[in-house]
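K.L.:
A single structure is presented below for examination.
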Amino acid sequence: LLVLAARRGRWVLWAAIGSLSVVSIVVAWTSTPEAAYLRTDSRMIGLLIGAALGCAWDRHPLSGPKGLGARRAIGVWGIAGSLLLTGVALTASPSSPWLHHGGFTVIALSACGVVAACVTLPGVKRLFALPVLVWLGERSYAIYLIHWPIIVGLGPTMPTLWRDAIVVVVSLVGAALAHRRLERPLIAGAWSPARLSVVGVLVVALTAGSLAWAQPSERTPEERVGDTLGRVADPVRVTQPTAKGASPSSTTTTTCV
């Protein structure tokens with residue numbers, strides 16, 4: 001699209017971003033919450049809105065607009081976006097129905113407001129220049145990649161506090177190692193083509209092995225939950241013990257109300 005826009009004009013780029021955004025919103029709206037949360041076409045709205053911000057600011061990507069009115073508007077946008085993202089992080093779940101009914105779009109716009117404020121407003125720039133936030137930012141994608149498989153692997157039965165502690169520690173340590181041993185050497189071009197080929201083969205093998213080991217169930221989550229509940233004794237019905245000298249057939253069953 002960038003090549004085509006250079007030949008035909010920027011309208012090609014904006015038309016493509018707009019059309020794909022509409023497709024993503026419609027696909028998400030017409031899907032189930034679980035499918036919309038996991039599918040690329042329903043979630044690409046975030047990438048598209050981010051791309052739109054990058055295209056709009058391509059002449060000053062790391063400074064933002066200079067006008068006072070624009071900077072004030074960006075400040076309001078960033079504050080509102082940060083508040084909304086905080087609320088979503090505390091309350092939403094993948095099955096929240098409002099997410100695929102426009103929620104992904106609102107979240108993407110809010111995130112863009114935070115990004116715009118970070119690169120435009122001096123106070124926000126200084127805040128995000130704190131060493132701990134820079135450290136997290138440099139390793140954020142690795143943290144994102146590592147944390148989800150750990151959550152899935154630990155399963156739903158582990159206490160939330162223990163699960164969160166394990167996920168945070170392992171994700172941070174794993175991301176630090178990945179950044180040092182993988183990301184930085186790759187960025188610096190320190191790996192030879194032969195080494196890259198070996199790593200690529202290992203990644204493909206690991207991915208294929210993980211898919212084969214996972215063996216996803218064909219049953220829906222509702223069916224699995226119903227089957228599990230069917231194997232649990234009903235606490236409402238209590239069987240009285242057999243009286244001394246009485247035959248097993250005289251055992252009575254009382255219903256607790």
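Ligands are numbered from 1 in the order shown, residues from 1 within each chain, and chains are lettered A, B, ... in the order they appear in the structure tokens.
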If you take only C-alpha atoms and a cut-off of 7 Å, which residues of range 92-150 of chain A touch range 160-184 of chain A, and what are their nearest atom pairs and distances in Å to one decimal, in chain and number order, as CSV?
P.N.:
```
residue,atom,partner,partner_atom,distance
A:Arg139,CA,A:Ala175,CA,5.8
A:Ala142,CA,A:Ala175,CA,4.9
A:Ile143,CA,A:Ala175,CA,5.2
A:Ile146,CA,A:Ser171,CA,5.6
A:His147,CA,A:Ser171,CA,5.4
A:Ile150,CA,A:Val167,CA,6.3
```
K.L.:
Quick one: write out the picked residues with N, CA and C atoms as a PDB file, in the first residue's frame?
P.N.:
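Result file follows (result_30.pdb):
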```pdb
ATOM      1  N   ARG A 139      11.038  -4.472  26.461  1.00  0.00           N
ATOM      2  CA  ARG A 139      10.777  -5.918  26.557  1.00  0.00           C
ATOM      3  C   ARG A 139       9.278  -6.232  26.508  1.00  0.00           C
ATOM      4  N   ALA A 142       7.998  -9.114  24.147  1.00  0.00           N
ATOM      5  CA  ALA A 142       8.373 -10.441  24.649  1.00  0.00           C
ATOM      6  C   ALA A 142       7.516 -10.828  25.854  1.00  0.00           C
ATOM      7  N   ILE A 143       7.221  -9.857  26.725  1.00  0.00           N
ATOM      8  CA  ILE A 143       6.334 -10.125  27.869  1.00  0.00           C
ATOM      9  C   ILE A 143       4.969 -10.561  27.361  1.00  0.00           C
ATOM     10  N   ILE A 146       5.102 -14.176  26.029  1.00  0.00           N
ATOM     11  CA  ILE A 146       5.375 -15.226  26.999  1.00  0.00           C
ATOM     12  C   ILE A 146       4.218 -15.428  27.967  1.00  0.00           C
ATOM     13  N   HIS A 147       3.519 -14.368  28.343  1.00  0.00           N
ATOM     14  CA  HIS A 147       2.577 -14.481  29.463  1.00  0.00           C
ATOM     15  C   HIS A 147       1.376 -15.368  29.137  1.00  0.00           C
ATOM     16  N   ILE A 150       1.748 -19.214  29.450  1.00  0.00           N
ATOM     17  CA  ILE A 150       1.881 -19.594  30.861  1.00  0.00           C
ATOM     18  C   ILE A 150       0.506 -19.651  31.516  1.00  0.00           C
TER      19      ILE A 150
END
```
K.L.:
Would you kindly return, as a CSV table (one decimal) with all heavy atoms, in the first residue's frame, each protein, DNA or RNA residue with an atom no farther than 8 Å from any atom of Ser63 in chain A, considering only C-alpha atoms and excluding same-chain residues fewer than 3 positions away?
P.N.:
```csv
chain,number,residue,atom,x,y,z
A,60,HIS,N,6.2,14.3,11.5
A,60,HIS,CA,6.7,14.6,12.8
A,60,HIS,C,6.4,13.5,13.8
A,60,HIS,O,5.6,13.6,14.7
A,60,HIS,CB,6.2,15.9,13.4
A,60,HIS,CG,4.8,16.2,13.0
A,60,HIS,ND1,3.7,15.5,13.6
A,60,HIS,CD2,4.2,17.0,12.2
A,60,HIS,CE1,2.6,15.9,13.1
A,60,HIS,NE2,2.8,16.8,12.2
A,66,LYS,N,2.5,21.0,16.7
A,66,LYS,CA,3.1,22.1,17.4
A,66,LYS,C,2.1,23.0,18.0
A,66,LYS,O,2.4,23.8,18.9
A,66,LYS,CB,4.1,22.8,16.6
A,66,LYS,CG,5.3,22.0,16.0
A,66,LYS,CD,6.1,21.4,17.1
A,66,LYS,CE,7.3,20.6,16.5
A,66,LYS,NZ,8.1,20.0,17.6
A,119,VAL,N,4.3,11.1,22.8
A,119,VAL,CA,5.2,11.7,21.9
A,119,VAL,C,5.0,13.2,21.7
A,119,VAL,O,5.8,13.8,21.0
A,119,VAL,CB,5.2,11.0,20.5
A,119,VAL,CG1,5.5,9.5,20.7
A,119,VAL,CG2,3.8,11.2,19.9
A,120,THR,N,4.0,13.7,22.3
A,120,THR,CA,3.7,15.2,22.1
A,120,THR,C,3.9,16.0,23.3
A,120,THR,O,4.5,17.1,23.2
A,120,THR,CB,2.2,15.3,21.6
A,120,THR,OG1,2.0,14.5,20.5
A,120,THR,CG2,1.9,16.8,21.3
```
K.L.:
From the set A:Val204, A:Val76, A:Leu99, A:Val199, which residue has the shortest atom-to-atom contact distance to Ser42 in chain A, counting only C-alpha atoms?
P.N.:
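Closest to Ser42 in chain A of all the choices is A:Leu99.
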K.L.:
Which residue gives the smallest distance to Gly78 in chain A among A:Val115, A:Val12, A:Ala51, A:Ala108, with only C-alpha atoms counted?
P.N.:
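Looking at the shortest contact to Gly78 in chain A, the residue is A:Val115.
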K.L.:
So that I can check the surroundings of Pro61 in chain A, please list as a PDB file with N, CA and C atoms, in the first residue's frame every protein, DNA and RNA residue that reaches within 12 Å of it, counting only C-alpha atoms and ignoring chain neighbours fewer than 3 positions away.
P.N.:
```
ATOM      1  N   ALA A  51      -1.807   2.403  12.533  1.00  0.00           N
ATOM      2  CA  ALA A  51      -1.215   2.768  11.242  1.00  0.00           C
ATOM      3  C   ALA A  51      -1.724   4.127  10.771  1.00  0.00           C
ATOM      4  N   ALA A  52      -3.004   4.392  11.018  1.00  0.00           N
ATOM      5  CA  ALA A  52      -3.567   5.686  10.630  1.00  0.00           C
ATOM      6  C   ALA A  52      -2.884   6.821  11.382  1.00  0.00           C
ATOM      7  N   LEU A  53      -2.640   6.637  12.673  1.00  0.00           N
ATOM      8  CA  LEU A  53      -1.935   7.661  13.446  1.00  0.00           C
ATOM      9  C   LEU A  53      -0.522   7.854  12.911  1.00  0.00           C
ATOM     10  N   GLY A  54       0.161   6.746  12.594  1.00  0.00           N
ATOM     11  CA  GLY A  54       1.508   6.859  12.050  1.00  0.00           C
ATOM     12  C   GLY A  54       1.534   7.578  10.712  1.00  0.00           C
ATOM     13  N   CYS A  55       0.553   7.304   9.853  1.00  0.00           N
ATOM     14  CA  CYS A  55       0.496   7.977   8.549  1.00  0.00           C
ATOM     15  C   CYS A  55       0.168   9.454   8.698  1.00  0.00           C
ATOM     16  N   ALA A  56      -0.696   9.776   9.645  1.00  0.00           N
ATOM     17  CA  ALA A  56      -1.061  11.179   9.844  1.00  0.00           C
ATOM     18  C   ALA A  56       0.101  11.992  10.397  1.00  0.00           C
ATOM     19  N   TRP A  57       0.971  11.331  11.149  1.00  0.00           N
ATOM     20  CA  TRP A  57       2.089  12.037  11.775  1.00  0.00           C
ATOM     21  C   TRP A  57       3.427  11.659  11.152  1.00  0.00           C
ATOM     22  N   ASP A  58       3.430  11.255   9.902  1.00  0.00           N
ATOM     23  CA  ASP A  58       4.675  10.775   9.308  1.00  0.00           C
ATOM     24  C   ASP A  58       5.728  11.877   9.178  1.00  0.00           C
ATOM     25  N   GLY A  64       4.886  15.196  17.334  1.00  0.00           N
ATOM     26  CA  GLY A  64       3.473  15.547  17.323  1.00  0.00           C
ATOM     27  C   GLY A  64       3.242  16.962  16.837  1.00  0.00           C
ATOM     28  N   PRO A  65       1.991  17.378  16.766  1.00  0.00           N
ATOM     29  CA  PRO A  65       1.670  18.726  16.302  1.00  0.00           C
ATOM     30  C   PRO A  65       2.258  19.790  17.230  1.00  0.00           C
ATOM     31  N   LYS A  66       2.531  20.966  16.665  1.00  0.00           N
ATOM     32  CA  LYS A  66       3.125  22.058  17.433  1.00  0.00           C
ATOM     33  C   LYS A  66       2.087  23.030  17.967  1.00  0.00           C
ATOM     34  N   VAL A 115      -0.558   7.020  23.181  1.00  0.00           N
ATOM     35  CA  VAL A 115       0.652   7.106  22.367  1.00  0.00           C
ATOM     36  C   VAL A 115       0.883   8.543  21.896  1.00  0.00           C
ATOM     37  N   ALA A 116      -0.186   9.199  21.430  1.00  0.00           N
ATOM     38  CA  ALA A 116      -0.063  10.584  20.968  1.00  0.00           C
ATOM     39  C   ALA A 116       0.411  11.497  22.082  1.00  0.00           C
ATOM     40  N   ALA A 117      -0.116  11.294  23.296  1.00  0.00           N
ATOM     41  CA  ALA A 117       0.319  12.117  24.424  1.00  0.00           C
ATOM     42  C   ALA A 117       1.776  11.851  24.780  1.00  0.00           C
ATOM     43  N   CYS A 118       2.197  10.591  24.662  1.00  0.00           N
ATOM     44  CA  CYS A 118       3.575  10.236  25.009  1.00  0.00           C
ATOM     45  C   CYS A 118       4.587  10.924  24.104  1.00  0.00           C
ATOM     46  N   VAL A 119       4.260  11.084  22.848  1.00  0.00           N
ATOM     47  CA  VAL A 119       5.237  11.668  21.913  1.00  0.00           C
ATOM     48  C   VAL A 119       5.041  13.165  21.720  1.00  0.00           C
ATOM     49  N   THR A 120       4.020  13.746  22.336  1.00  0.00           N
ATOM     50  CA  THR A 120       3.710  15.154  22.098  1.00  0.00           C
ATOM     51  C   THR A 120       3.928  16.024  23.320  1.00  0.00           C
TER      52      THR A 120
END
```
K.L.:
Mind pulling up the distance from CA of Val26 in chain A to CA of Pro97 in chain A?
P.N.:
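A separation of 14.3 Å between them.
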K.L.:
Please run DSSP on the backbone and report, as a VMD selection string, all residues within range 93-179 of chain A that come out as alpha helix (DSSP H).
P.N.:
chain A and resid 104 to 120 122 to 128 131 to 138 140 to 154 160 to 178
K.L.:
What is the distance, in Å and to one decimal place, between CA of Gly113 in chain A and CA of Ile74 in chain A?
P.N.:
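CA of Gly113 in chain A sits 6.7 Å away from CA of Ile74 in chain A.
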K.L.:
If we count only C-alpha atoms and set the cut-off at 8 Å, which residues sit around Trp29 in chain A, ignoring sequence neighbours fewer than 5 positions away in its own chain? Please answer as a list in words.
P.N.:
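Residues near the query, excluding close chain neighbours: Ala36, His100, His101 and Gly102 of chain A.
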K.L.:
Skipping near chain neighbours, those fewer than 2 positions away, what residues fall within 12 Å of Ala16 in chain A using only C-alpha atoms, listed as an mmCIF file with C-alpha atoms, in the first residue's frame?
P.N.:
```cif
data_model
loop_
_atom_site.group_PDB
_atom_site.id
_atom_site.type_symbol
_atom_site.label_atom_id
_atom_site.label_comp_id
_atom_site.auth_asym_id
_atom_site.auth_seq_id
_atom_site.Cartn_x
_atom_site.Cartn_y
_atom_site.Cartn_z
ATOM 1 C CA LEU A 1 0.000 0.000 0.000
ATOM 2 C CA LEU A 2 2.846 2.384 0.756
ATOM 3 C CA LEU A 4 1.024 2.139 -4.375
ATOM 4 C CA ALA A 5 0.339 5.345 -2.444
ATOM 5 C CA ARG A 10 -2.043 9.133 -0.292
ATOM 6 C CA TRP A 11 -5.774 8.739 -0.861
ATOM 7 C CA VAL A 12 -5.059 5.081 -1.735
ATOM 8 C CA LEU A 13 -3.579 4.526 1.698
ATOM 9 C CA TRP A 14 -6.444 6.209 3.546
ATOM 10 C CA GLY A 18 -10.764 2.948 6.090
ATOM 11 C CA SER A 19 -12.110 -0.032 4.132
ATOM 12 C CA LEU A 20 -10.203 -2.592 6.175
ATOM 13 C CA SER A 21 -11.326 -0.895 9.387
ATOM 14 C CA VAL A 22 -14.969 -1.210 8.360
ATOM 15 C CA VAL A 23 -14.414 -4.887 7.517
ATOM 16 C CA LEU A 48 -5.168 -0.180 11.450
ATOM 17 C CA ILE A 49 -5.912 2.715 13.804
ATOM 18 C CA ALA A 51 -1.215 2.768 11.242
ATOM 19 C CA ALA A 52 -3.567 5.686 10.630
#
```
K.L.:
Which residues are near Ser96 in chain A? Cut-off 10 Å, only C-alpha atoms, ignore same chain within fewer than 6 positions. Put them as a list of chain:residue names.
P.N.:
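The contact residues come out as A:Pro33, A:Glu34, A:Tyr37, A:Gly103.
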K.L.:
For CA of Leu68 in chain A and CA of Gly123 in chain A, determine how far apart the two atoms are, in Å to one decimal place.
P.N.:
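Computing the Euclidean distance for CA of Leu68 in chain A and CA of Gly123 in chain A yields 14.7 Å.
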